[in-house]
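For reference, the structure discussed in these notes is given below.
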Amino acid sequence: MQISIKTEEDIQKMRIAGRLAAEVLDMIGEHVTAGVTTNELDKLCHDYMVNVQNTIPATINYGHKTTQYPHGYPKSICTSINHVICHGIPADKKLKNGDIVNIDVTVIKDGWHGDTSRMYTVGKIPGRTQKLIDITKECMEIGIRMVAPGVQLGDIGYAIANHAHANRFSVVREYCGHGIGKVFHESPQVMHYGRKGTGVVLQKGMTFTIEPMINIGKRHSRLLSDEWTVITKDKSLSAQWEHTMVVTDTGVEVLTVSDNYKFNY
Ligand code: MF3
Ligand code: CO
Ligand code: CO
């Protein structure tokens, strides 16, 4: 599949969408507390996107009628708690002390997508769990800092997996980062593992996400019968962080940043 190259005008629109997605995650942080339900978090994000930002939650009804996803995604955000790897569906269950949760937001503004996720913690969590969250963020950052024209995606995937493995964590293989623009998920696929010297050669103007999913236990995943929720097969904890970025003349610009959440290059 062809990889679309964005113009400076396109990128300016993606900057706006990316910032708005980041601002949803800024907004929701203080609400992620013991006793709140993920449906309540979903409603807060939905109303903020639709009424305050005038953005469209890209996930609502996403995948409807495609062969890959027979049922459209029902909510405005993904909330992936503890052993849920990704695509957790908000529900009426309350968060409790010790939970870790990834909140993943994708907005559409003026036809362009911004896709980003962060980890949130509820109350006190064990040291090894915090380590999982921190190393997963470092995996994302290591990948992002490598992005530049001429770099191959296999080298980036290799570096991400290498950092996870050095800390005795495993890398989910069934889900990956993706090209993004006017289309939510487009080419290229951005694997979070790989072989040096292989894969797509990056060019200025490519836009994509890096969103590693890292497990405390084994890497294998299982799809629940709701056809969305992905969990670790061994029920071990999983973490994920995500940014949307663009390849620049000399390196990378992260698009899903805000005044309160900058990227440290
Ligand atoms: N935001 C997710 C990603 O990072 C995709 C969610 S699709 C949904 O690509 F339908 F599950 F919401
Ligand atoms: Co994504
Ligand atoms: Co996402």
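Ligands are numbered from 1 in the order shown, residues from 1 within each chain, and chains are lettered A, B, ... in the order they appear in the structure tokens.
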>> If the limit is 12 Å from any atom of ligand 3, counting only C-alpha atoms and all ligand atoms, which residues qualify? Return them as a ChimeraX atom specification.
In response: /A:18,21-22,25,57-59,76-80,85-88,102-107,113-118,175-180,184-185,208-213,240-244,256
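The list of residues with at least one atom within 8 Å of segment 40-42 of chain A, based on only C-alpha atoms and without residues fewer than 6 positions apart in the same chain, reads Ile28, His31, Val32, Lys75, Ser76, Ile77, Pro90 and Asp92 of chain A.
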Write out, as an mmCIF file, in the first residue's frame, the residues just selected, with N, CA and C atoms.
```cif
data_model
loop_
_atom_site.group_PDB
_atom_site.id
_atom_site.type_symbol
_atom_site.label_atom_id
_atom_site.label_comp_id
_atom_site.auth_asym_id
_atom_site.auth_seq_id
_atom_site.Cartn_x
_atom_site.Cartn_y
_atom_site.Cartn_z
ATOM 1 N N ILE A 28 -8.936 14.827 31.239
ATOM 2 C CA ILE A 28 -9.526 13.673 31.931
ATOM 3 C C ILE A 28 -8.698 13.236 33.152
ATOM 4 N N HIS A 31 -9.949 13.193 36.712
ATOM 5 C CA HIS A 31 -11.167 12.395 36.937
ATOM 6 C C HIS A 31 -10.879 10.906 37.110
ATOM 7 N N VAL A 32 -9.644 10.506 36.828
ATOM 8 C CA VAL A 32 -9.307 9.080 36.916
ATOM 9 C C VAL A 32 -8.970 8.754 38.371
ATOM 10 N N LYS A 75 -17.941 3.361 21.561
ATOM 11 C CA LYS A 75 -17.690 4.467 22.507
ATOM 12 C C LYS A 75 -16.744 5.529 21.918
ATOM 13 N N SER A 76 -16.533 6.594 22.707
ATOM 14 C CA SER A 76 -15.727 7.737 22.260
ATOM 15 C C SER A 76 -14.256 7.632 22.614
ATOM 16 N N ILE A 77 -13.923 6.747 23.548
ATOM 17 C CA ILE A 77 -12.527 6.527 23.955
ATOM 18 C C ILE A 77 -12.328 5.023 24.188
ATOM 19 N N PRO A 90 -15.389 1.245 27.433
ATOM 20 C CA PRO A 90 -15.910 1.826 28.668
ATOM 21 C C PRO A 90 -17.185 1.113 29.120
ATOM 22 N N ASP A 92 -19.725 0.135 33.081
ATOM 23 C CA ASP A 92 -20.203 0.682 34.353
ATOM 24 C C ASP A 92 -19.403 0.201 35.563
#
```
> Between atom CA of Gly72 of chain A and atom CA of Asp110 of chain A, what is the spacing in Å?
Replying inline: 22.1 Å
>> Using only C-alpha atoms for the distances, tell me which of A:Glu186, A:Glu30, A:Asp226, A:Asp99 is nearest to Ile3 of chain A.
In response: A:Glu186
>> What parts of segment 32-233 of chain A does DSSP call strand (DSSP E or B)? I'd like the answer as a ChimeraX atom specification.
In response: /A:37,56-57,78-81,84-86,94,100-109,112-121,152,170-171,177-179,186-190,201,207-210,213-215,221-223,230-232
>> Need to verify the contact set: Leu95 of chain A, 10 Å, only C-alpha atoms, exclusion of same-chain residues closer than 5 positions in sequence. Can you return it as an MDAnalysis selection string?
In response: chainID A and resid 32:38 81 100:101 121:122
